[in-house]
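Structure file target_14.cif (mmCIF, C-alpha atoms and all ligand atoms) follows.
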```cif
data_structure
#
loop_
_atom_site.group_PDB
_atom_site.id
_atom_site.type_symbol
_atom_site.label_atom_id
_atom_site.label_comp_id
_atom_site.auth_asym_id
_atom_site.auth_seq_id
_atom_site.Cartn_x
_atom_site.Cartn_y
_atom_site.Cartn_z
ATOM 1 C CA MET A 261 71.117 140.227 -15.511
ATOM 2 C CA TRP A 262 72.222 137.527 -13.161
ATOM 3 C CA ILE A 263 73.503 133.980 -13.481
ATOM 4 C CA TYR A 264 73.039 131.491 -10.679
ATOM 5 C CA ASP A 265 76.170 129.839 -9.297
ATOM 6 C CA LYS A 266 75.244 126.480 -7.795
ATOM 7 C CA LYS A 267 77.059 126.859 -4.485
ATOM 8 C CA LEU A 268 76.841 129.013 -1.359
ATOM 9 C CA GLU A 269 79.181 131.942 -0.770
ATOM 10 C CA PHE A 270 80.154 130.287 2.529
ATOM 11 C CA PRO A 271 79.189 126.693 3.426
ATOM 12 C CA VAL A 272 76.214 126.021 5.706
ATOM 13 C CA LYS A 273 76.295 122.575 7.282
ATOM 14 C CA ILE A 274 74.180 122.231 10.426
ATOM 15 C CA LYS A 275 73.818 118.834 12.087
ATOM 16 C CA LYS A 276 71.428 119.727 14.907
ATOM 17 C CA ARG A 277 67.842 120.935 14.371
ATOM 18 C CA ASN A 278 66.877 124.031 16.328
ATOM 19 C CA PRO A 279 63.510 125.544 15.336
ATOM 20 C CA LYS A 280 63.659 128.115 18.136
ATOM 21 C CA LEU A 281 66.818 129.553 16.619
ATOM 22 C CA ALA A 282 65.354 129.386 13.098
ATOM 23 C CA LYS A 283 62.529 131.659 14.234
ATOM 24 C CA LEU A 284 65.094 134.283 15.273
ATOM 25 C CA ILE A 285 67.482 133.953 12.324
ATOM 26 C CA ILE A 286 64.611 134.283 9.799
ATOM 27 C CA THR A 287 64.714 138.016 10.563
ATOM 28 C CA GLN A 288 67.874 138.284 8.469
ATOM 29 C CA TYR A 289 65.903 136.738 5.600
ATOM 30 C CA GLY A 290 62.900 139.062 5.600
ATOM 31 C CA GLY A 291 63.152 141.392 8.600
ATOM 32 C CA PRO A 292 63.775 145.164 8.615
ATOM 33 C CA ASP A 293 67.593 144.868 8.607
ATOM 34 C CA GLY A 294 67.715 141.609 6.666
ATOM 35 C CA GLU A 295 69.488 140.577 3.495
ATOM 36 C CA LEU A 296 66.485 140.833 1.163
ATOM 37 C CA GLY A 297 65.895 144.458 2.147
ATOM 38 C CA ALA A 298 69.616 145.165 1.824
ATOM 39 C CA SER A 299 69.777 143.734 -1.686
ATOM 40 C CA LEU A 300 66.656 145.555 -2.913
ATOM 41 C CA ARG A 301 67.827 148.791 -1.321
ATOM 42 C CA TYR A 302 71.187 148.805 -3.127
ATOM 43 C CA LEU A 303 69.980 147.387 -6.425
ATOM 44 C CA SER A 304 67.205 150.019 -6.529
ATOM 45 C CA GLN A 305 69.343 152.953 -5.424
ATOM 46 C CA ARG A 306 72.035 152.331 -8.033
ATOM 47 C CA PHE A 307 69.820 153.679 -10.834
ATOM 48 C CA ALA A 308 70.034 157.171 -9.338
ATOM 49 C CA THR A 309 73.644 157.216 -8.196
ATOM 50 C CA VAL A 310 76.633 158.965 -9.768
ATOM 51 C CA THR A 311 80.301 157.986 -10.301
ATOM 52 C CA PRO A 312 81.479 154.636 -11.635
ATOM 53 C CA GLN A 313 82.702 153.642 -8.151
ATOM 54 C CA ALA A 314 79.304 154.064 -6.475
ATOM 55 C CA LYS A 315 77.481 152.375 -9.362
ATOM 56 C CA ALA A 316 79.810 149.385 -9.151
ATOM 57 C CA ALA A 317 79.692 149.185 -5.341
ATOM 58 C CA LEU A 318 75.868 149.284 -5.214
ATOM 59 C CA THR A 319 75.626 146.656 -7.955
ATOM 60 C CA ASP A 320 78.201 144.304 -6.482
ATOM 61 C CA ILE A 321 77.131 144.663 -2.852
ATOM 62 C CA GLY A 322 73.453 144.340 -3.858
ATOM 63 C CA THR A 323 74.407 141.133 -5.633
ATOM 64 C CA GLU A 324 76.420 139.794 -2.701
ATOM 65 C CA GLU A 325 73.428 140.410 -0.398
ATOM 66 C CA LEU A 326 71.444 137.933 -2.526
ATOM 67 C CA ALA A 327 74.110 135.335 -1.786
ATOM 68 C CA HIS A 328 73.658 136.186 1.910
ATOM 69 C CA LEU A 329 69.882 135.826 1.592
ATOM 70 C CA GLU A 330 70.481 132.358 0.236
ATOM 71 C CA MET A 331 72.790 131.462 3.143
ATOM 72 C CA ILE A 332 70.174 132.580 5.682
ATOM 73 C CA GLY A 333 67.533 130.530 3.851
ATOM 74 C CA ALA A 334 69.840 127.500 3.993
ATOM 75 C CA ILE A 335 70.410 128.010 7.735
ATOM 76 C CA VAL A 336 66.657 128.214 8.406
ATOM 77 C CA GLN A 337 65.960 125.195 6.204
ATOM 78 C CA GLN A 338 68.617 123.059 7.914
ATOM 79 C CA LEU A 339 67.536 124.137 11.411
ATOM 80 C CA THR A 340 63.962 123.003 10.687
ATOM 81 C CA ALA A 341 64.446 120.042 8.309
ATOM 82 C CA ASN A 342 62.099 117.100 8.937
ATOM 83 C CA LEU A 343 60.806 118.326 12.318
ATOM 84 C CA SER A 344 58.198 116.140 13.927
ATOM 85 C CA ILE A 345 54.937 117.619 15.249
ATOM 86 C CA GLU A 346 56.200 116.926 18.794
ATOM 87 C CA GLU A 347 59.411 118.885 18.121
ATOM 88 C CA ILE A 348 57.402 121.755 16.633
ATOM 89 C CA LYS A 349 55.179 121.909 19.707
ATOM 90 C CA ALA A 350 58.069 121.582 22.151
ATOM 91 C CA SER A 351 60.043 124.437 20.562
ATOM 92 C CA GLY A 352 57.310 127.047 20.193
ATOM 93 C CA PHE A 353 57.498 126.824 16.411
ATOM 94 C CA GLU A 354 53.697 126.408 16.056
ATOM 95 C CA PRO A 355 52.856 129.987 14.960
ATOM 96 C CA PHE A 356 55.345 129.825 12.076
ATOM 97 C CA TYR A 357 54.307 126.250 11.266
ATOM 98 C CA VAL A 358 50.592 126.999 10.909
ATOM 99 C CA GLU A 359 51.352 129.847 8.479
ATOM 100 C CA HIS A 360 54.223 128.364 6.469
ATOM 101 C CA GLY A 361 54.717 124.714 7.400
ATOM 102 C CA LEU A 362 58.444 124.064 7.131
ATOM 103 C CA GLY A 363 58.794 126.537 4.257
ATOM 104 C CA VAL A 364 61.046 129.583 4.346
ATOM 105 C CA PHE A 365 59.054 132.834 4.343
ATOM 106 C CA PRO A 366 60.568 136.337 4.425
ATOM 107 C CA SER A 367 59.497 137.736 7.769
ATOM 108 C CA SER A 368 60.976 139.295 10.883
ATOM 109 C CA ALA A 369 61.671 137.443 14.130
ATOM 110 C CA ALA A 370 58.406 138.936 15.408
ATOM 111 C CA GLY A 371 56.539 137.372 12.461
ATOM 112 C CA ASP A 372 55.946 140.542 10.423
ATOM 113 C CA PRO A 373 56.125 139.808 6.683
ATOM 114 C CA PHE A 374 58.825 141.420 4.571
ATOM 115 C CA THR A 375 58.127 145.030 3.656
ATOM 116 C CA ALA A 376 59.936 147.535 1.448
ATOM 117 C CA ALA A 377 58.788 150.178 3.956
ATOM 118 C CA ALA A 378 61.952 149.427 5.950
ATOM 119 C CA PHE A 379 64.230 151.033 3.334
ATOM 120 C CA GLN A 380 64.437 154.000 0.997
ATOM 121 C CA SER A 381 65.524 154.841 -2.489
ATOM 122 C CA LYS A 382 65.607 158.604 -2.259
ATOM 123 C CA GLY A 383 67.009 159.564 -5.648
ATOM 124 C CA ASP A 384 69.780 161.485 -3.889
ATOM 125 C CA PRO A 385 73.156 159.712 -4.073
ATOM 126 C CA VAL A 386 74.458 161.250 -0.840
ATOM 127 C CA THR A 387 71.304 160.534 1.162
ATOM 128 C CA ASP A 388 71.164 156.979 -0.151
ATOM 129 C CA LEU A 389 74.789 156.190 0.759
ATOM 130 C CA TYR A 390 74.271 157.515 4.290
ATOM 131 C CA GLU A 391 71.295 155.183 4.588
ATOM 132 C CA ASP A 392 73.407 152.319 3.268
ATOM 133 C CA MET A 393 76.138 152.875 5.841
ATOM 134 C CA ALA A 394 73.519 152.919 8.606
ATOM 135 C CA ALA A 395 71.920 149.782 7.134
ATOM 136 C CA GLU A 396 75.227 147.904 7.291
ATOM 137 C CA GLN A 397 75.659 148.889 10.936
ATOM 138 C CA LYS A 398 72.094 147.786 11.762
ATOM 139 C CA ALA A 399 72.703 144.428 10.105
ATOM 140 C CA ARG A 400 75.973 144.058 12.023
ATOM 141 C CA SER A 401 74.166 144.747 15.321
ATOM 142 C CA THR A 402 71.487 142.191 14.454
ATOM 143 C CA TYR A 403 74.132 139.549 13.741
ATOM 144 C CA GLU A 404 75.778 140.318 17.069
ATOM 145 C CA TYR A 405 72.451 139.965 18.929
ATOM 146 C CA LEU A 406 71.862 136.694 17.090
ATOM 147 C CA LEU A 407 75.334 135.463 18.092
ATOM 148 C CA ASP A 408 74.321 136.097 21.745
ATOM 149 C CA MET A 409 71.550 133.520 21.166
ATOM 150 C CA ILE A 410 73.656 130.906 19.329
ATOM 151 C CA ASP A 411 75.554 128.081 21.039
ATOM 152 C CA ASP A 412 75.965 125.758 18.054
ATOM 153 C CA PRO A 413 79.317 126.401 16.260
ATOM 154 C CA ASP A 414 77.796 125.081 12.994
ATOM 155 C CA VAL A 415 75.350 127.999 13.095
ATOM 156 C CA ALA A 416 77.777 130.555 14.516
ATOM 157 C CA ALA A 417 80.340 130.100 11.698
ATOM 158 C CA PRO A 418 78.176 131.379 8.808
ATOM 159 C CA ILE A 419 76.605 134.061 11.028
ATOM 160 C CA LYS A 420 80.089 135.357 11.940
ATOM 161 C CA PHE A 421 81.015 135.381 8.268
ATOM 162 C CA LEU A 422 77.922 137.454 7.471
ATOM 163 C CA ARG A 423 78.667 139.858 10.315
ATOM 164 C CA GLU A 424 82.144 140.485 8.930
ATOM 165 C CA ARG A 425 80.764 141.196 5.482
ATOM 166 C CA GLU A 426 78.634 144.018 6.927
ATOM 167 C CA ILE A 427 81.815 145.682 8.146
ATOM 168 C CA VAL A 428 83.432 145.426 4.692
ATOM 169 C CA HIS A 429 80.294 146.765 2.990
ATOM 170 C CA PHE A 430 80.174 149.697 5.410
ATOM 171 C CA GLN A 431 83.756 150.513 4.482
ATOM 172 C CA ARG A 432 83.068 150.362 0.722
ATOM 173 C CA PHE A 433 79.987 152.566 1.017
ATOM 174 C CA GLY A 434 82.018 155.095 2.996
ATOM 175 C CA GLU A 435 84.600 155.190 0.197
ATOM 176 C CA SER A 436 81.827 155.466 -2.410
ATOM 177 C CA LEU A 437 80.393 158.432 -0.525
ATOM 178 C CA GLU A 438 83.737 160.238 -0.830
ATOM 179 C CA TYR A 439 83.737 159.762 -4.622
ATOM 180 C CA VAL A 440 80.137 160.945 -4.862
ATOM 181 C CA ARG A 441 80.817 164.007 -2.706
ATOM 182 C CA SER A 442 83.815 165.167 -4.699
ATOM 183 C CA TYR A 443 82.008 164.533 -7.985
ATOM 184 C CA LEU A 444 79.023 166.580 -6.881
ATOM 185 C CA SER A 445 81.061 169.445 -5.449
ATOM 186 C CA ALA A 446 83.238 169.606 -8.592
ATOM 187 C CA ASN A 447 80.078 170.024 -10.641
ATOM 188 C CA HIS A 448 78.574 172.592 -8.228
ATOM 189 C CA TYR A 449 75.569 170.362 -8.078
ATOM 190 C CA PHE A 450 74.395 171.573 -4.690
ATOM 191 C CA MET B 169 82.011 118.854 1.497
ATOM 192 C CA ASN B 170 83.875 118.009 -1.682
ATOM 193 C CA ASN B 171 87.427 119.330 -1.277
ATOM 194 C CA THR B 172 87.618 120.957 -4.719
ATOM 195 C CA LEU B 173 84.292 122.677 -4.111
ATOM 196 C CA TYR B 174 85.535 123.908 -0.744
ATOM 197 C CA LYS B 175 88.681 125.394 -2.300
ATOM 198 C CA LEU B 176 86.662 126.933 -5.127
ATOM 199 C CA THR B 177 84.267 128.475 -2.605
ATOM 200 C CA GLN B 178 87.239 130.071 -0.860
ATOM 201 C CA LEU B 179 88.785 131.389 -4.086
ATOM 202 C CA ASP B 180 85.484 132.715 -5.415
ATOM 203 C CA PHE B 181 84.861 134.480 -2.140
ATOM 204 C CA TYR B 182 88.312 136.028 -2.282
ATOM 205 C CA ALA B 183 87.481 137.255 -5.799
ATOM 206 C CA VAL B 184 84.200 138.798 -4.558
ATOM 207 C CA ASP B 185 86.055 140.622 -1.791
ATOM 208 C CA LEU B 186 88.802 141.845 -4.138
ATOM 209 C CA GLN B 187 86.165 142.992 -6.605
ATOM 210 C CA LEU B 188 84.465 145.149 -3.951
ATOM 211 C CA TYR B 189 87.832 146.584 -3.005
ATOM 212 C CA LEU B 190 88.597 147.376 -6.643
ATOM 213 C CA ASP B 191 85.224 149.083 -7.082
ATOM 214 C CA THR B 192 86.514 151.888 -4.886
ATOM 215 C CA HIS B 193 90.277 151.460 -5.607
ATOM 216 C CA PRO B 194 90.186 150.911 -9.374
ATOM 217 C CA ASN B 195 93.810 151.967 -9.913
ATOM 218 C CA ASP B 196 95.462 149.672 -7.381
ATOM 219 C CA ALA B 197 97.705 147.658 -9.715
ATOM 220 C CA LYS B 198 98.715 145.194 -6.997
ATOM 221 C CA ALA B 199 95.079 144.381 -6.231
ATOM 222 C CA ILE B 200 94.262 144.056 -9.934
ATOM 223 C CA ALA B 201 97.098 141.527 -10.341
ATOM 224 C CA GLU B 202 95.853 139.593 -7.299
ATOM 225 C CA TYR B 203 92.302 139.693 -8.656
ATOM 226 C CA ASN B 204 93.386 138.404 -12.061
ATOM 227 C CA LYS B 205 95.417 135.625 -10.504
ATOM 228 C CA THR B 206 92.489 134.607 -8.289
ATOM 229 C CA ILE B 207 90.073 134.535 -11.228
ATOM 230 C CA ASN B 208 92.511 132.395 -13.217
ATOM 231 C CA ASP B 209 93.075 129.928 -10.374
ATOM 232 C CA ALA B 210 89.337 129.712 -9.709
ATOM 233 C CA GLN B 211 88.614 129.095 -13.377
ATOM 234 C CA LYS B 212 90.921 126.069 -13.394
ATOM 235 C CA LEU B 213 89.446 124.645 -10.195
ATOM 236 C CA ARG B 214 85.933 125.255 -11.499
ATOM 237 C CA SER B 215 86.477 123.236 -14.652
ATOM 238 C CA ASP B 216 88.129 120.451 -12.631
ATOM 239 C CA TYR B 217 85.105 120.318 -10.359
ATOM 240 C CA GLU B 218 82.562 120.514 -13.168
ATOM 241 C CA GLN B 219 84.235 117.680 -15.067
ATOM 242 C CA THR B 220 83.375 115.204 -12.297
ATOM 243 C CA ASN B 221 80.412 116.818 -10.544
ATOM 244 C CA GLY B 222 78.402 118.550 -13.236
ATOM 245 C CA PRO B 223 77.756 122.226 -13.897
ATOM 246 C CA LEU B 224 77.849 125.046 -11.367
ATOM 247 C CA THR B 225 76.212 127.537 -13.709
ATOM 248 C CA SER B 226 73.715 127.104 -16.509
ATOM 249 C CA LYS B 227 74.790 127.760 -20.124
ATOM 250 C CA TYR B 228 77.088 124.804 -19.686
ATOM 251 C CA LEU B 229 77.356 122.086 -22.305
ATOM 252 C CA SER B 230 75.363 119.155 -21.004
ATOM 253 C CA PRO B 231 76.036 115.477 -21.756
ATOM 254 C CA ALA B 232 73.640 114.254 -24.462
ATOM 255 C CA GLU B 233 71.884 111.703 -22.278
ATOM 256 C CA LYS B 234 71.030 113.843 -19.280
ATOM 257 C CA PHE B 235 70.633 117.534 -18.395
ATOM 258 C CA ASP B 236 72.677 117.322 -15.198
ATOM 259 C CA TRP B 237 72.117 120.940 -14.126
ATOM 260 C CA ILE B 238 69.103 119.646 -12.175
ATOM 261 C CA ASP B 239 71.112 117.117 -10.163
ATOM 262 C CA GLU B 240 70.672 117.015 -6.380
ATOM 263 C CA PRO B 241 71.741 117.991 -3.829
ATOM 264 C CA TRP B 242 70.980 121.677 -4.258
ATOM 265 C CA THR B 243 72.959 124.370 -2.536
ATOM 266 C CA TRP B 244 70.815 124.944 0.568
ATOM 267 C CA GLU B 245 70.745 121.255 1.510
ATOM 268 C CA GLU B 246 73.044 120.016 4.250
ATOM 269 C CA GLN B 247 74.478 117.204 2.053
ATOM 270 C CA TYR B 248 75.713 119.778 -0.446
ATOM 271 C CA ASN B 249 77.862 121.632 2.052
HETATM 272 FE FE FE C 1 75.821 143.984 3.682
#
```
Before anything else, please render the file you have as structure tokens.
Amino acid sequence: MWIYDKKLEFPVKIKKRNPKLAKLIITQYGGPDGELGASLRYLSQRFATVTPQAKAALTDIGTEELAHLEMIGAIVQQLTANLSIEEIKASGFEPFYVEHGLGVFPSSAAGDPFTAAAFQSKGDPVTDLYEDMAAEQKARSTYEYLLDMIDDPDVAAPIKFLREREIVHFQRFGESLEYVRSYLSANHYF
Amino acid sequence: MNNTLYKLTQLDFYAVDLQLYLDTHPNDAKAIAEYNKTINDAQKLRSDYEQTNGPLTSKYLSPAEKFDWIDEPWTWEEQYN
């Protein structure tokens, strides 16, 4: 089970509205390489994994991704808080606005709604961990592309934090893969 | 941002990072000691913060006159951070 901790993993405090940027950053909320997909991927895969290390890593990283989902939601909310109709029109935010108002909806930057089709849970601990390592790299790339689009240091700070976490997660999954490999070869599983 | 909350956020994050490290290095005694120390320090800060600002997690004893878990601002709001 989970218990909610009433704070963010890293503070998000944005003074300047920027709906154009919100439309891009939303992809890390519900896009193909976003935090929701990451969390569901790891929390689903853990049921089929082996070794205490891999079980713990998938559980704890899957949990941390939920904290990242929350940070992205907070960024989007603060970038769009109290926009006027004029600001919505001037920033090209109309397509999102007519579907979701100023709500936060899990979708990609291109507007595609969240789908579990972007990840796998293959029931094979080795296959799954390879996917996870690739997923962390894809998320890192996305954060780097987003940073190319961001001028506001208030927005860049949490995005940089999230980018660094992808690197740590990649490392932990790589280590988990080693445990899983030696466990499986010791048992002549394959 | 409240200074105690800021420090607690830092400590709790450090604990998250150490925990991930320990998941794949479960016999690193130095890291375990650092983890335990961090958890202890964070626990103290957390109760300090909660005494004046209300609960950070549910299952927290609430004052009789008001269930202050619901108090604003919530975490995603700019004023919270
Ligand atoms: Fe990650």
Expected answer as a PDB file with C-alpha atoms, in the coordinates of the input: residues within 7 Å of ligand FE 1 (chain C), only C-alpha atoms and all ligand atoms:
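Written file, pocket_34.pdb:
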```pdb
ATOM      1  CA  ALA A 298      69.616 145.165   1.824  1.00  0.00           C
ATOM      2  CA  ILE A 321      77.131 144.663  -2.852  1.00  0.00           C
ATOM      3  CA  GLU A 325      73.428 140.410  -0.398  1.00  0.00           C
ATOM      4  CA  GLU A 396      75.227 147.904   7.291  1.00  0.00           C
ATOM      5  CA  ARG A 425      80.764 141.196   5.482  1.00  0.00           C
ATOM      6  CA  GLU A 426      78.634 144.018   6.927  1.00  0.00           C
ATOM      7  CA  HIS A 429      80.294 146.765   2.990  1.00  0.00           C
TER       8      HIS A 429
END
```
Requested in this report: Decode the PyMOL selection byres ((chain B) within 8 of (chain A)) for the given file into explicit residues and return them as an NGL selection string.
Outcome: :B and (177-178 or 180-181 or 188-189 or 191-192 or 223-226 or 242-247 or 249)
Emit the selected residues as a short mmCIF file (atom, residue, chain, number, x, y, z; two decimals), in the frame of the given file, including C-alpha atoms.
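The new file result-v6.cif reads:
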```cif
data_model
loop_
_atom_site.label_atom_id
_atom_site.label_comp_id
_atom_site.auth_asym_id
_atom_site.auth_seq_id
_atom_site.Cartn_x
_atom_site.Cartn_y
_atom_site.Cartn_z
CA THR B 177 84.27 128.48 -2.60
CA GLN B 178 87.24 130.07 -0.86
CA ASP B 180 85.48 132.72 -5.42
CA PHE B 181 84.86 134.48 -2.14
CA LEU B 188 84.46 145.15 -3.95
CA TYR B 189 87.83 146.58 -3.00
CA ASP B 191 85.22 149.08 -7.08
CA THR B 192 86.51 151.89 -4.89
CA PRO B 223 77.76 122.23 -13.90
CA LEU B 224 77.85 125.05 -11.37
CA THR B 225 76.21 127.54 -13.71
CA SER B 226 73.72 127.10 -16.51
CA TRP B 242 70.98 121.68 -4.26
CA THR B 243 72.96 124.37 -2.54
CA TRP B 244 70.82 124.94 0.57
CA GLU B 245 70.74 121.26 1.51
CA GLU B 246 73.04 120.02 4.25
CA GLN B 247 74.48 117.20 2.05
CA ASN B 249 77.86 121.63 2.05
#
```
Query raised in the report: So what does the PyMOL selection byres (((chain A and resi 370) around 12) and not hetatm) actually pick up in this one, as an MDAnalysis selection string?
Result: chainID A and resid 283:288 290:292 355:356 366:369 371:374
Kindly list the centre and edge lengths in Å, rounded to one decimal, for the axis-aligned box that covers all listed atoms of range 433-438 of chain A plus 4 Å on each of its six sides, as AutoDock Vina command-line options.
```
--center_x 82.3 --center_y 156.4 --center_z 0.3 --size_x 12.6 --size_y 15.7 --size_z 13.4
```
Query raised in the report: So which residues get picked by the PyMOL selection byres (((chain B and resi 202-211) around 8) and not hetatm) here, written as number ranges by chain?
Result: B: 176, 179-180, 182-183, 186-187, 198-201, 212-215
Only C-alpha atoms, please: the residues just picked out, written as a PDB file, in the coordinates of the input.
```pdb
ATOM      1  CA  LEU B 176      86.662 126.933  -5.127  1.00  0.00           C
ATOM      2  CA  LEU B 179      88.785 131.389  -4.086  1.00  0.00           C
ATOM      3  CA  ASP B 180      85.484 132.715  -5.415  1.00  0.00           C
ATOM      4  CA  TYR B 182      88.312 136.028  -2.282  1.00  0.00           C
ATOM      5  CA  ALA B 183      87.481 137.255  -5.799  1.00  0.00           C
ATOM      6  CA  LEU B 186      88.802 141.845  -4.138  1.00  0.00           C
ATOM      7  CA  GLN B 187      86.165 142.992  -6.605  1.00  0.00           C
ATOM      8  CA  LYS B 198      98.715 145.194  -6.997  1.00  0.00           C
ATOM      9  CA  ALA B 199      95.079 144.381  -6.231  1.00  0.00           C
ATOM     10  CA  ILE B 200      94.262 144.056  -9.934  1.00  0.00           C
ATOM     11  CA  ALA B 201      97.098 141.527 -10.341  1.00  0.00           C
ATOM     12  CA  LYS B 212      90.921 126.069 -13.394  1.00  0.00           C
ATOM     13  CA  LEU B 213      89.446 124.645 -10.195  1.00  0.00           C
ATOM     14  CA  ARG B 214      85.933 125.255 -11.499  1.00  0.00           C
ATOM     15  CA  SER B 215      86.477 123.236 -14.652  1.00  0.00           C
TER      16      SER B 215
END
```
Requested in this report: May I have the residues within 9 Å of Gly363 in chain A as a PyMOL selection string, using only C-alpha atoms and disregarding those fewer than 2 positions away in the same chain?
Outcome: chain A and resi 337+340+357+360-361+365
Using only C-alpha atoms, please write the residues we just selected to a file, as an mmCIF file, keeping the file's coordinate frame.
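result_0.cif, written as the output of this step:
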```
data_model
loop_
_atom_site.group_PDB
_atom_site.id
_atom_site.type_symbol
_atom_site.label_atom_id
_atom_site.label_comp_id
_atom_site.auth_asym_id
_atom_site.auth_seq_id
_atom_site.Cartn_x
_atom_site.Cartn_y
_atom_site.Cartn_z
ATOM 1 C CA GLN A 337 65.960 125.195 6.204
ATOM 2 C CA THR A 340 63.962 123.003 10.687
ATOM 3 C CA TYR A 357 54.307 126.250 11.266
ATOM 4 C CA HIS A 360 54.223 128.364 6.469
ATOM 5 C CA GLY A 361 54.717 124.714 7.400
ATOM 6 C CA PHE A 365 59.054 132.834 4.343
#
```
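Between CA of Tyr403 in chain A and CA of Asp384 in chain A there is a distance of 28.5 Å.
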Query raised in the report: Suppose you want the space between CA of Ser381 in chain A and CA of Gln397 in chain A; what is it in Å?
Result: 17.8 Å
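CA of Ala308 in chain A is found 11.1 Å from CA of Thr387 in chain A.
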Query raised in the report: Given the choices A:Ala394, A:Ala327, A:Met261, A:Pro385, which gets closest to Thr311 in chain A if the distance is worked out from only C-alpha atoms?
Result: A:Pro385
Query - Within 10 Å of Asp236 in chain B using all atoms listed in the file, minus same-chain residues under 5 positions, as a VMD selection string - result: chain B and resid 221 to 223 226 228 to 231
